[in-house]
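Undergrad: File structure.cif below, mmCIF, C-alpha atoms:
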data_structure
#
loop_
_atom_site.label_atom_id
_atom_site.label_comp_id
_atom_site.auth_asym_id
_atom_site.auth_seq_id
_atom_site.Cartn_x
_atom_site.Cartn_y
_atom_site.Cartn_z
CA MET A 1 -41.25 19.85 50.19
CA ARG A 2 -40.96 22.57 47.60
CA ARG A 3 -43.81 24.48 49.23
CA ARG A 4 -42.06 24.35 52.61
CA ARG A 5 -38.91 25.77 51.06
CA ILE A 6 -40.85 28.64 49.52
CA VAL A 7 -42.54 29.42 52.85
CA ALA A 8 -39.19 29.31 54.66
CA PHE A 9 -37.63 31.58 52.06
CA LEU A 10 -40.50 34.07 52.34
CA LEU A 11 -40.25 34.06 56.14
CA LEU A 12 -36.51 34.68 56.03
CA ALA A 13 -36.95 37.42 53.46
CA ALA A 14 -39.62 39.11 55.60
CA LEU A 15 -37.45 38.86 58.71
CA GLY A 16 -34.45 40.15 56.82
CA LEU A 17 -36.36 43.14 55.44
CA GLY A 18 -37.84 43.91 58.85
CA ALA A 19 -34.45 43.77 60.49
CA CYS A 20 -32.94 46.04 57.84
CA SER A 21 -35.72 48.58 58.18
CA ALA A 22 -35.49 48.60 61.99
CA ASP A 23 -31.70 48.93 61.80
CA ASP A 24 -31.98 51.89 59.48
CA ARG A 25 -34.52 53.50 61.73
CA GLN A 26 -32.26 53.01 64.73
CA LEU A 27 -29.32 54.41 62.79
CA ALA A 28 -31.34 57.50 61.94
CA GLN A 29 -32.49 57.91 65.54
CA ALA A 30 -28.95 57.41 66.79
CA PHE A 31 -27.79 60.08 64.35
CA ILE A 32 -30.38 62.52 65.73
CA GLN A 33 -29.45 61.57 69.31
CA GLN A 34 -25.74 62.13 68.69
CA TRP A 35 -26.48 65.42 66.99
CA ALA A 36 -28.58 66.47 70.00
CA ILE A 37 -25.71 65.67 72.38
CA ASP A 38 -23.28 67.69 70.28
CA HIS A 39 -25.64 70.65 69.91
CA ALA A 40 -27.27 70.95 73.34
CA GLY A 41 -26.64 74.71 73.46
CA GLU A 42 -28.30 75.28 70.12
CA ILE A 43 -31.30 73.20 71.15
CA THR A 44 -31.72 75.26 74.34
CA MET A 45 -31.55 78.42 72.25
CA HIS A 46 -34.27 77.19 69.93
CA LYS A 47 -36.44 76.04 72.85
CA LEU A 48 -36.34 79.63 74.06
CA GLY A 49 -37.34 80.78 70.59
CA LEU A 50 -34.12 82.72 70.09
CA SER A 51 -32.94 83.42 66.57
CA ASP A 52 -30.11 81.48 65.01
CA GLY A 53 -29.18 84.55 62.99
CA ASP A 54 -29.86 82.60 59.81
CA SER A 55 -33.43 83.02 58.62
CA TYR A 56 -33.33 79.72 56.70
CA VAL A 57 -32.56 77.90 59.96
CA ASP A 58 -35.11 79.94 61.92
CA ALA A 59 -37.73 79.09 59.31
CA ALA A 60 -36.86 75.38 59.23
CA VAL A 61 -36.86 74.97 63.00
CA ASP A 62 -40.19 76.76 63.36
CA ALA A 63 -41.93 75.21 60.34
CA ALA A 64 -43.97 72.47 62.06
CA ASP A 65 -47.01 74.65 62.77
CA VAL A 66 -46.76 76.27 59.36
CA VAL A 67 -46.82 72.86 57.67
CA MET A 68 -49.77 71.75 59.79
CA LYS A 69 -51.74 74.89 58.93
CA PHE A 70 -50.73 74.59 55.30
CA GLN A 71 -52.02 71.02 55.12
CA LYS A 72 -55.32 72.09 56.68
CA ALA A 73 -55.58 75.01 54.26
CA GLU A 74 -54.86 72.74 51.30
CA ASP A 75 -57.67 70.39 52.34
CA LEU A 76 -60.10 73.29 52.73
CA MET A 77 -59.11 74.81 49.40
CA ALA A 78 -59.45 71.44 47.65
CA LYS A 79 -62.95 71.13 49.11
CA GLY A 80 -63.76 74.67 48.01
CA ARG A 81 -62.56 74.04 44.48
CA ARG A 82 -64.36 70.70 44.26
CA ASN A 83 -67.71 71.94 45.58
CA SER A 84 -67.57 75.59 44.41
CA ASP A 85 -67.76 76.45 48.10
CA PRO A 86 -66.65 80.01 48.93
CA LYS A 87 -66.79 79.43 52.69
CA SER A 88 -64.20 76.64 52.55
CA MET A 89 -62.00 78.77 50.32
CA ASP A 90 -62.26 81.75 52.66
CA SER A 91 -61.33 79.53 55.62
CA ALA A 92 -58.28 78.28 53.71
CA MET A 93 -57.30 81.85 52.92
CA LYS A 94 -57.53 82.80 56.56
CA LEU A 95 -54.95 80.11 57.30
CA ARG A 96 -52.67 81.11 54.40
CA PRO A 97 -53.53 84.76 53.69
CA ASN A 98 -50.77 85.48 51.17
CA ASP A 99 -51.07 82.47 48.90
CA TRP A 100 -51.68 83.78 45.38
CA THR A 101 -52.88 80.37 44.14
CA TYR A 102 -55.74 80.56 46.67
CA GLU A 103 -56.52 84.16 45.72
CA LEU A 104 -56.66 83.17 42.06
CA SER A 105 -59.02 80.26 42.74
CA ARG A 106 -61.20 82.45 44.93
CA SER A 107 -61.40 85.10 42.25
CA HIS A 108 -62.50 82.52 39.66
CA LEU A 109 -65.14 81.11 42.00
CA ALA A 110 -66.44 84.64 42.52
CA LEU A 111 -66.55 85.08 38.75
CA GLN A 112 -68.52 81.86 38.46
CA LEU A 113 -70.96 83.09 41.10
CA GLY A 114 -71.26 86.53 39.49
CA ASP A 115 -69.73 88.30 42.50
CA MET A 116 -67.67 90.75 40.49
CA ASP A 117 -66.31 92.83 43.39
CA THR A 118 -64.79 89.72 44.99
CA TYR A 119 -63.46 88.65 41.58
CA TRP A 120 -61.61 91.90 40.98
CA GLY A 121 -60.53 92.21 44.63
CA ASN A 122 -58.83 88.84 44.61
CA TRP A 123 -57.28 89.46 41.20
CA ASP A 124 -55.65 92.56 42.63
CA ARG A 125 -54.30 90.52 45.53
CA VAL A 126 -52.77 88.00 43.13
CA GLY A 127 -50.83 90.87 41.60
CA ILE A 128 -49.61 91.94 45.03
CA ASP A 129 -48.68 88.49 46.39
CA PHE A 130 -47.19 86.97 43.26
CA PRO A 131 -43.42 87.01 43.88
CA LEU A 132 -41.30 89.29 41.74
CA GLY A 133 -39.03 87.50 39.33
CA THR A 134 -41.31 84.47 39.05
CA PRO A 135 -42.62 83.74 35.54
CA TRP A 136 -46.21 85.00 35.20
CA GLN A 137 -46.90 81.87 33.15
CA LYS A 138 -47.55 80.07 36.45
CA VAL A 139 -50.56 82.33 36.95
CA ASP A 140 -51.72 81.87 33.36
CA LYS A 141 -51.48 78.09 33.62
CA GLN A 142 -53.62 77.84 36.73
CA SER A 143 -55.88 80.64 35.55
CA TYR A 144 -56.67 79.09 32.19
CA ALA A 145 -57.45 75.67 33.68
CA GLU A 146 -59.81 77.22 36.23
CA LEU A 147 -61.44 79.58 33.73
CA LEU A 148 -62.16 76.66 31.41
CA ALA A 149 -63.93 74.93 34.31
CA VAL A 150 -65.96 78.09 35.02
CA HIS A 151 -66.85 78.33 31.33
CA LYS A 152 -67.94 74.70 31.28
CA ARG A 153 -70.33 75.40 34.17
CA LEU A 154 -71.85 78.59 32.72
CA ASP A 155 -71.75 78.14 28.97
CA THR A 156 -74.99 77.29 27.21
CA GLY A 157 -73.49 77.06 23.71
CA PRO A 158 -72.11 79.41 21.04
CA GLY A 159 -74.27 82.46 20.50
CA SER A 160 -76.13 81.91 23.78
CA VAL A 161 -75.46 83.90 26.93
CA THR A 162 -78.35 82.74 29.09
CA GLY A 163 -75.99 81.13 31.61
CA TYR A 164 -74.55 84.50 32.69
CA LYS A 165 -75.96 86.66 35.44
CA SER A 166 -74.67 89.89 33.98
CA TYR A 167 -72.93 91.51 31.06
CA LYS A 168 -69.93 92.23 33.29
CA GLN A 169 -69.60 88.58 34.29
CA CYS A 170 -69.81 87.42 30.68
CA ARG A 171 -67.27 89.96 29.41
CA ALA A 172 -64.85 89.34 32.27
CA LEU A 173 -64.86 85.57 31.70
CA TYR A 174 -64.25 85.69 27.94
CA ASP A 175 -61.70 88.47 28.29
CA ALA A 176 -59.76 86.47 30.89
CA LEU A 177 -59.95 83.34 28.72
CA ALA A 178 -58.64 85.26 25.70
CA VAL A 179 -55.79 86.87 27.66
CA SER A 180 -54.70 83.65 29.43
CA SER A 181 -54.79 81.53 26.28
CA GLY A 182 -52.92 84.22 24.35
CA ASN A 183 -50.26 84.47 27.06
CA LEU A 184 -49.82 80.70 27.18
CA ALA A 185 -49.50 80.55 23.39
CA GLY A 186 -47.05 83.45 23.50
CA ASN A 187 -49.30 85.27 21.05
CA PRO A 188 -52.32 87.40 22.01
CA GLU A 189 -53.66 86.87 18.49
CA SER A 190 -53.55 83.07 18.70
CA THR A 191 -56.42 81.11 17.16
CA GLU A 192 -57.67 80.15 20.60
CA ALA A 193 -57.52 83.70 21.90
CA LYS A 194 -59.40 84.93 18.83
CA SER A 195 -62.14 82.35 19.32
CA TRP A 196 -62.64 83.59 22.92
CA ARG A 197 -62.81 87.16 21.67
CA GLN A 198 -65.59 86.11 19.29
CA ARG A 199 -67.51 84.62 22.21
CA GLU A 200 -66.89 87.81 24.15
CA ALA A 201 -68.79 89.72 21.48
CA ASP A 202 -71.85 87.57 22.22
CA CYS A 203 -72.02 89.19 25.66
CA ASP A 204 -73.43 92.29 24.00
CA GLN A 205 -76.78 90.48 23.96
CA LEU A 206 -76.96 91.03 27.69
CA PRO A 207 -78.29 94.34 29.06
CA HIS A 208 -75.52 96.76 29.94
CA MET B 1 -35.40 107.40 139.97
CA THR B 2 -32.69 105.32 138.56
CA ASP B 3 -33.11 103.15 135.57
CA MET B 4 -33.17 100.19 137.94
CA ALA B 5 -36.83 100.23 138.87
CA ARG B 6 -37.93 98.31 141.87
CA SER B 7 -40.14 95.30 141.47
CA SER B 8 -43.71 95.51 142.69
CA ASP B 9 -42.97 93.33 145.72
CA GLY B 10 -40.02 95.54 146.48
CA GLN B 11 -37.54 92.70 146.61
CA GLY B 12 -35.05 93.87 144.12
CA PRO B 13 -34.31 95.80 141.00
CA VAL B 14 -36.08 94.86 137.82
CA PRO B 15 -33.66 94.39 134.94
CA PRO B 16 -34.26 96.76 132.04
CA ALA B 17 -36.36 95.40 129.21
CA PRO B 18 -34.05 94.37 126.41
CA VAL B 19 -34.07 96.82 123.55
CA ARG B 20 -35.54 95.04 120.54
CA LYS B 21 -33.16 95.29 117.67
CA LYS B 22 -35.00 96.68 114.73
CA LYS B 23 -34.90 94.25 111.82
CA ARG B 24 -33.51 95.73 108.63
CA GLY B 25 -36.23 94.16 106.44
CA CYS B 26 -36.12 92.48 103.11
CA PHE B 27 -35.55 95.66 101.14
CA ALA B 28 -32.44 96.75 103.02
CA SER B 29 -30.89 93.29 103.18
CA GLY B 30 -31.04 92.89 99.40
CA CYS B 31 -33.34 89.92 99.29
CA LEU B 32 -35.92 92.04 97.54
CA MET B 33 -33.40 92.66 94.81
CA ILE B 34 -32.76 88.94 94.50
CA PHE B 35 -36.49 88.30 94.43
CA GLY B 36 -36.91 90.98 91.79
CA ALA B 37 -34.11 89.55 89.67
CA LEU B 38 -35.65 86.09 89.89
CA LEU B 39 -39.01 87.53 88.90
CA ILE B 40 -37.50 89.25 85.89
CA VAL B 41 -35.71 86.05 84.82
CA THR B 42 -38.97 84.09 85.23
CA VAL B 43 -40.93 86.63 83.22
CA VAL B 44 -38.29 86.75 80.46
CA VAL B 45 -37.95 82.97 80.20
CA GLY B 46 -41.73 82.53 80.40
CA GLY B 47 -42.21 85.14 77.72
CA LEU B 48 -39.68 83.44 75.49
CA LEU B 49 -41.26 80.03 76.03
CA LEU B 50 -44.69 81.48 75.25
CA ARG B 51 -43.14 82.94 72.11
CA ILE B 52 -44.31 86.45 72.93
CA PRO B 53 -41.43 88.16 71.04
CA GLN B 54 -42.45 86.22 67.93
CA GLN B 55 -46.09 87.23 68.40
CA LEU B 56 -45.03 90.85 68.76
CA GLY B 57 -42.81 90.56 65.70
CA ILE B 58 -39.61 91.27 67.65
CA LEU B 59 -38.10 87.88 66.80
CA PRO B 60 -38.68 86.04 63.52
CA SER B 61 -41.32 83.32 63.51
CA GLY B 62 -41.79 80.45 61.09
CA GLU B 63 -45.22 81.77 60.25
CA LYS B 64 -43.83 85.12 59.16
CA LEU B 65 -40.77 83.70 57.40
CA LEU B 66 -42.79 81.11 55.49
CA GLN B 67 -45.85 83.17 54.59
CA GLY B 68 -45.18 83.11 50.84
CA THR B 69 -46.81 80.77 48.37
CA PRO B 70 -45.15 77.34 48.35
CA ASP B 71 -43.84 75.94 45.08
CA ARG B 72 -46.06 72.88 44.86
CA ALA B 73 -44.85 71.88 41.41
CA ALA B 74 -41.21 71.87 42.54
CA ALA B 75 -42.06 69.79 45.60
CA ALA B 76 -43.86 67.22 43.46
CA ALA B 77 -40.99 67.09 40.97
CA ILE B 78 -38.38 66.58 43.71
CA LEU B 79 -40.49 63.83 45.29
CA ASP B 80 -40.55 62.11 41.88
CA GLN B 81 -36.76 62.43 41.66
CA VAL B 82 -36.36 61.00 45.15
CA ALA B 83 -38.66 58.10 44.29
CA ALA B 84 -36.67 57.48 41.11
CA ALA B 85 -33.54 57.32 43.30
CA GLY B 86 -35.06 54.32 45.10
CA VAL B 87 -36.72 55.95 48.11
CA ASP B 88 -40.19 54.72 49.02
CA THR B 89 -42.08 57.99 49.37
CA THR B 90 -44.90 56.54 51.49
CA GLY B 91 -45.19 58.82 54.53
CA LEU B 92 -42.77 61.32 53.02
CA SER B 93 -44.17 64.83 52.43
CA LEU B 94 -42.20 67.63 50.88
CA TYR B 95 -42.85 71.36 50.87
CA VAL B 96 -40.89 74.06 49.07
CA PHE B 97 -41.39 77.43 50.73
CA PRO B 98 -39.96 80.82 49.84
CA VAL B 99 -38.26 82.37 52.87
CA GLU B 100 -39.09 85.99 53.67
CA GLY B 101 -36.11 88.25 53.04
CA GLN B 102 -34.16 85.60 51.14
CA ASP B 103 -33.83 84.91 47.43
CA GLY B 104 -33.76 81.15 47.87
CA THR B 105 -36.28 78.61 49.06
CA LEU B 106 -36.47 76.01 51.80
CA ALA B 107 -37.27 72.37 51.02
CA TYR B 108 -38.91 70.91 54.13
CA ALA B 109 -39.41 67.16 54.20
CA VAL B 110 -41.50 65.34 56.79
CA LEU B 111 -40.62 61.69 57.33
CA ASP B 112 -43.65 60.32 59.13
CA THR B 113 -43.07 56.79 60.39
CA SER B 114 -46.66 56.71 61.69
CA ALA B 115 -47.84 57.29 58.10
CA GLY B 116 -45.77 54.39 56.81
CA PHE B 117 -42.43 56.00 56.12
CA HIS B 118 -39.42 53.72 56.27
CA PHE B 119 -35.88 54.25 55.15
CA SER B 120 -34.76 52.51 52.02
CA THR B 121 -32.61 49.55 52.79
CA GLY B 122 -29.53 48.31 51.06
CA THR B 123 -27.27 51.33 51.44
CA ASP B 124 -24.18 51.31 53.64
CA ALA B 125 -24.59 54.98 54.44
CA ASN B 126 -26.50 56.33 57.41
CA PRO B 127 -30.04 56.76 56.06
CA LEU B 128 -30.60 60.31 57.30
CA PRO B 129 -27.59 62.02 55.71
CA ASP B 130 -28.18 59.82 52.67
CA LEU B 131 -31.72 61.20 52.34
CA PHE B 132 -30.42 64.75 52.74
CA GLY B 133 -28.24 64.01 49.74
CA LYS B 134 -31.14 62.74 47.66
CA LEU B 135 -33.30 65.75 48.53
CA ALA B 136 -30.54 68.18 47.55
CA SER B 137 -29.79 66.57 44.19
CA GLY B 138 -31.31 67.02 40.79
CA SER B 139 -32.07 69.82 38.39
CA THR B 140 -35.38 70.80 40.08
CA VAL B 141 -33.47 71.77 43.22
CA ASP B 142 -31.53 74.34 41.19
CA GLU B 143 -34.57 75.48 39.22
CA ALA B 144 -36.58 76.01 42.41
CA ASN B 145 -33.57 77.84 43.92
CA ILE B 146 -33.51 75.61 47.00
CA GLU B 147 -30.87 77.01 49.32
CA GLN B 148 -31.70 74.99 52.42
CA VAL B 149 -33.02 71.49 53.06
CA ALA B 150 -34.71 70.42 56.29
CA ILE B 151 -35.90 67.03 57.45
CA ALA B 152 -38.43 66.57 60.24
CA TYR B 153 -38.58 63.02 61.54
CA ARG B 154 -41.70 61.62 63.23
CA ASP B 155 -41.78 58.35 65.13
CA GLU B 156 -44.40 55.58 65.08
CA SER B 157 -46.72 57.59 67.30
CA GLY B 158 -46.48 60.63 65.05
CA ARG B 159 -44.35 62.61 67.52
CA THR B 160 -41.70 64.80 65.94
CA LEU B 161 -38.30 63.67 67.21
CA GLY B 162 -36.63 66.65 65.67
CA VAL B 163 -35.85 68.70 62.64
CA LEU B 164 -32.40 68.95 61.13
CA THR B 165 -31.39 71.35 58.42
CA ALA B 166 -28.40 72.22 56.29
CA PRO B 167 -27.61 74.47 53.33
CA THR B 168 -27.84 72.75 49.96
CA GLY B 169 -24.18 73.56 49.30
CA VAL B 170 -23.03 71.75 52.45
CA ILE B 171 -25.16 68.71 51.60
CA ARG B 172 -23.65 68.59 48.14
CA GLN B 173 -20.15 68.77 49.64
CA PHE B 174 -21.07 65.76 51.76
CA VAL B 175 -22.50 63.88 48.77
CA ALA B 176 -19.34 64.64 46.77
CA GLY B 177 -17.23 63.23 49.61
CA GLU B 178 -15.57 66.56 50.31
CA ILE B 179 -16.65 66.35 53.95
CA ASP B 180 -17.30 63.24 56.03
CA GLU B 181 -20.41 62.40 58.05
CA GLU B 182 -18.99 63.88 61.26
CA ALA B 183 -18.17 67.19 59.60
CA PHE B 184 -21.58 67.18 57.96
CA SER B 185 -23.27 66.59 61.31
CA LYS B 186 -21.38 69.54 62.79
CA GLN B 187 -22.75 71.81 60.08
CA LEU B 188 -26.32 70.71 60.67
CA HIS B 189 -28.65 72.95 62.60
CA GLY B 190 -32.01 72.17 64.10
CA ASP B 191 -34.05 71.34 67.11
CA VAL B 192 -34.81 68.07 68.85
CA ASP B 193 -37.47 66.89 71.27
CA LEU B 194 -35.10 65.39 73.82
CA GLY B 195 -37.81 63.41 75.62
CA ALA B 196 -39.05 61.88 72.39
CA VAL B 197 -35.55 61.00 71.25
CA LEU B 198 -34.75 59.27 74.54
CA ASP B 199 -38.03 57.34 74.36
CA ALA B 200 -37.31 56.32 70.80
CA VAL B 201 -33.84 55.10 71.69
CA LYS B 202 -35.15 53.12 74.68
CA ALA B 203 -37.84 51.47 72.56
CA PRO B 204 -36.75 48.18 70.95
#
Starting from the coordinates I provided, produce the structure as structure tokens.

TA:
Amino acid sequence: MRRRRIVAFLLLAALGLGACSADDRQLAQAFIQQWAIDHAGEITMHKLGLSDGDSYVDAAVDAADVVMKFQKAEDLMAKGRRNSDPKSMDSAMKLRPNDWTYELSRSHLALQLGDMDTYWGNWDRVGIDFPLGTPWQKVDKQSYAELLAVHKRLDTGPGSVTGYKSYKQCRALYDALAVSSGNLAGNPESTEAKSWRQREADCDQLPH
Amino acid sequence: MTDMARSSDGQGPVPPAPVRKKKRGCFASGCLMIFGALLIVTVVVGGLLLRIPQQLGILPSGEKLLQGTPDRAAAAAILDQVAAAGVDTTGLSLYVFPVEGQDGTLAYAVLDTSAGFHFSTGTDANPLPDLFGKLASGSTVDEANIEQVAIAYRDESGRTLGVLTAPTGVIRQFVAGEIDEEAFSKQLHGDVDLGAVLDAVKAP
């Protein structure tokens, strides 16, 4: 008897929740429908691709493709970061060519691979595409996390530089680590920054 | 010889051949102008529908306006705030984009019913304006300088029924009760797939 009551209660609860959810959905759809009736002229204007005169509205109305491309680019970039795959990263950057977070990741992958021209080229682009007035700490935060990952892949231990392809690669990595950690600490002479500078000196073992 | 020539059997005069009235032609009668005007209208409308002015950069396109780097951290923080306000964020994606030529940003939410989105139950308010309110509230919205909020709503098949958008200030007026739902609706802008909306309304 008790079991039956529980089953009945669960059924009613499920039906009740379902009904509520469907009602809310219908309310939302009815809201959109009513809005469409009231704004038929505006809809026609947008169908013809004409500007609303407000760039926020223009952007919002025309964002569907942007979001789709962005999602695709994010997936490609995630794959590139995960697998150290420059091709995936380059494909992502073709879809979102002005995204400084992509440029930063691509530059660090190039550093990891010893492709110094691509490293510096993408670093320059970060400087161009990073929006004015935004705290540079955002760059340092992402940069330091990625540089640590690059270091983990290349480092063969203190005093050893056998993991590096060139003197330039070695110096660039430790210099970037020292600068980013110093910036994040708010002190270029922080203990962490100093320890990276010490490792940077080890690069002198490489021919240059 | 008069103009009344005799017939070959000589039985009577042959009536003069009727002078064929020269037609004025399409050009002179103006139909060419009408045809030309129709052609121009067709080309203009076709060009607009194919978004050629946007491709040529004459009219603004979403791609150009939203080419900046999105604020992923702000989007994640706002989603957390929305979840904390009792909204199930399954099927709800949020993007915060800078808008070219503007100081502020656009928060663009996608409610994808086909990905499991459903409105939170238990509120008396209409769920769509209610969600606008939740997306426009909280400190992250100010920190990320969100000036405009947009909601795109997709049905069970993943079709976008439409996108509605309003300035953050207007949404906050609505949340504060300074304007009612009707006034809020009037201040919304957007675009709607009329076919999809009608289908959705017909569906049980």

Undergrad: Specify as a list in words each residue included when the PyMOL selection byres ((chain A and resi 85-98) around 8) is applied to this file.

TA: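 So the PyMOL selection byres ((chain A and resi 85-98) around 8), applied here, picks out Lys69, Phe70, Lys72, Ala73, Glu74, Leu76, Met77, Lys79, Gly80, Arg81, Arg82, Asn83, Ser84, Asp99, Trp100, Tyr102, Glu103, Arg106, Leu109, Ala110 and Asp129 of chain A; Gln67, Gly68 and Thr69 of chain B.
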
Undergrad: Can you list, as a PyMOL selection string, every protein, DNA or RNA residue that comes within 12 Å of Gly162 of chain B when you count only C-alpha atoms, leaving out same-chain residues fewer than 5 positions away?

TA: (chain A and resi 28-29+31-33+35-36+43+46-47+60-64) or (chain B and resi 109-112+150-155+189-198+200)

Undergrad: Go ahead and compute the interatomic distance for atom CA of Thr90 of chain B and atom CA of Ser185 of chain B, in Å to one decimal.

TA: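 Between atom CA of Thr90 of chain B and atom CA of Ser185 of chain B the gap is 25.8 Å.
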
Undergrad: Could you list, as a list in words, every residue within 9 Å of Ile78 of chain B, counting all atoms listed in the file and ignoring same-chain residues fewer than 4 positions away?

TA: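 Selected residues are Ala73, Ala74, Val82, Ala83, Leu94, Leu135, Ala136, Ser137, Gly138, Ser139, Thr140 and Val141 of chain B.
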
Undergrad: Please compute the atom CA of Val99 of chain B-atom CA of Ile52 of chain B distance, one decimal, in Å.

TA: 21.3 Å

Undergrad: Quick one, how far is atom CA of Trp196 of chain A from atom CA of Leu177 of chain A?

TA: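 Interatomic distance here is 6.4 Å.
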
Undergrad: Nearest to Val66 of chain A: which of B:Thr160, B:Ser61, B:Thr168, B:Thr105 is it, counting all atoms listed in the file?

TA: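 With all atoms listed in the file as the atom set, the closest residue is B:Ser61.
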
Undergrad: Which residue, A:Asp58, A:Pro207, A:Ser105, A:Leu27, has the smallest gap to Ser166 of chain A when you use only C-alpha atoms?

TA: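 Result for the nearest residue to Ser166 of chain A: A:Pro207.
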
Undergrad: As an mmCIF file with C-alpha atoms, in the frame of the given file, please: the residues near Gln54 of chain B (cut-off 12 Å, all atoms listed in the file, same-chain neighbours under 5 positions excluded).

TA:
data_model
loop_
_atom_site.group_PDB
_atom_site.id
_atom_site.type_symbol
_atom_site.label_atom_id
_atom_site.label_comp_id
_atom_site.auth_asym_id
_atom_site.auth_seq_id
_atom_site.Cartn_x
_atom_site.Cartn_y
_atom_site.Cartn_z
ATOM 1 C CA LEU A 48 -36.340 79.630 74.060
ATOM 2 C CA GLY A 49 -37.340 80.780 70.590
ATOM 3 C CA LEU A 50 -34.120 82.720 70.090
ATOM 4 C CA SER A 51 -32.940 83.420 66.570
ATOM 5 C CA ASP A 58 -35.110 79.940 61.920
ATOM 6 C CA ASP A 62 -40.190 76.760 63.360
ATOM 7 C CA GLY B 47 -42.210 85.140 77.720
ATOM 8 C CA LEU B 48 -39.680 83.440 75.490
ATOM 9 C CA LEU B 49 -41.260 80.030 76.030
ATOM 10 C CA LEU B 59 -38.100 87.880 66.800
ATOM 11 C CA PRO B 60 -38.680 86.040 63.520
ATOM 12 C CA SER B 61 -41.320 83.320 63.510
ATOM 13 C CA GLY B 62 -41.790 80.450 61.090
ATOM 14 C CA GLU B 63 -45.220 81.770 60.250
ATOM 15 C CA LYS B 64 -43.830 85.120 59.160
ATOM 16 C CA LEU B 65 -40.770 83.700 57.400
#

Undergrad: Restricting the calculation to all atoms listed in the file, which member of B:Tyr108, B:Phe132, B:Phe174, B:Phe184 is positioned closest to chain A?

TA: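 Checking each candidate against chain A, we get B:Tyr108 as the closest.
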
Undergrad: Would you translate the PyMOL selection byres ((chain A and resi 126) around 8) into the concrete set of residues it matches in this file, as an NGL selection string?

TA: :A and (100-101 or 103-104 or 122-125 or 127-130)

Undergrad: Write the selection just made, keeping C-alpha atoms, as a compact mmCIF listing (two decimals), in the frame of the given file?

TA:
# COMPACT_ATOMS: atom_id res chain seq x y z
CA TRP A 100 -51.68 83.78 45.38
CA THR A 101 -52.88 80.37 44.14
CA GLU A 103 -56.52 84.16 45.72
CA LEU A 104 -56.66 83.17 42.06
CA ASN A 122 -58.83 88.84 44.61
CA TRP A 123 -57.28 89.46 41.20
CA ASP A 124 -55.65 92.56 42.63
CA ARG A 125 -54.30 90.52 45.53
CA GLY A 127 -50.83 90.87 41.60
CA ILE A 128 -49.61 91.94 45.03
CA ASP A 129 -48.68 88.49 46.39
CA PHE A 130 -47.19 86.97 43.26

Undergrad: I'd like the contact shell of Leu184 of chain A - 9 Å cut-off, only C-alpha atoms, skipping same-chain residues fewer than 5 positions apart - returned as a PyMOL selection string.

TA: chain A and resi 137+140-141+144+179

Undergrad: Give me, as a ChimeraX atom specification, all polymer residues having an atom no more than 9 Å from Ser195 of chain A, counting only C-alpha atoms and skipping those fewer than 5 positions away in the same chain.

TA: /A:178,190,200

Undergrad: Which residue is closest to chain A? Choose from B:Gly116, B:Pro13, B:Gly177, B:Pro53 and count only C-alpha atoms.

TA: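 Among the listed residues, B:Pro53 lies closest to chain A.
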
Undergrad: Which of these, A:Met45, A:Ala59, A:Ala40, A:Cys203, has the shortest distance to chain B once you count all atoms listed in the file?

TA: A:Ala59

Undergrad: Measuring between all atoms listed in the file, which one of A:Ala145, A:Leu132, A:Leu154, A:Ala78 shows the shortest distance to chain B?

TA: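 The closest residue to chain B is A:Leu132.
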
Undergrad: Take every atom of segment 83-90 of chain B listed in the file, fit an axis-aligned box around them, add 8 Å per side, and give the centre and edge lengths in Å to one decimal as JSON.

TA:
{"center_x": -39.2, "center_y": 56.2, "center_z": 46.3, "size_x": 27.4, "size_y": 19.8, "size_z": 26.4}
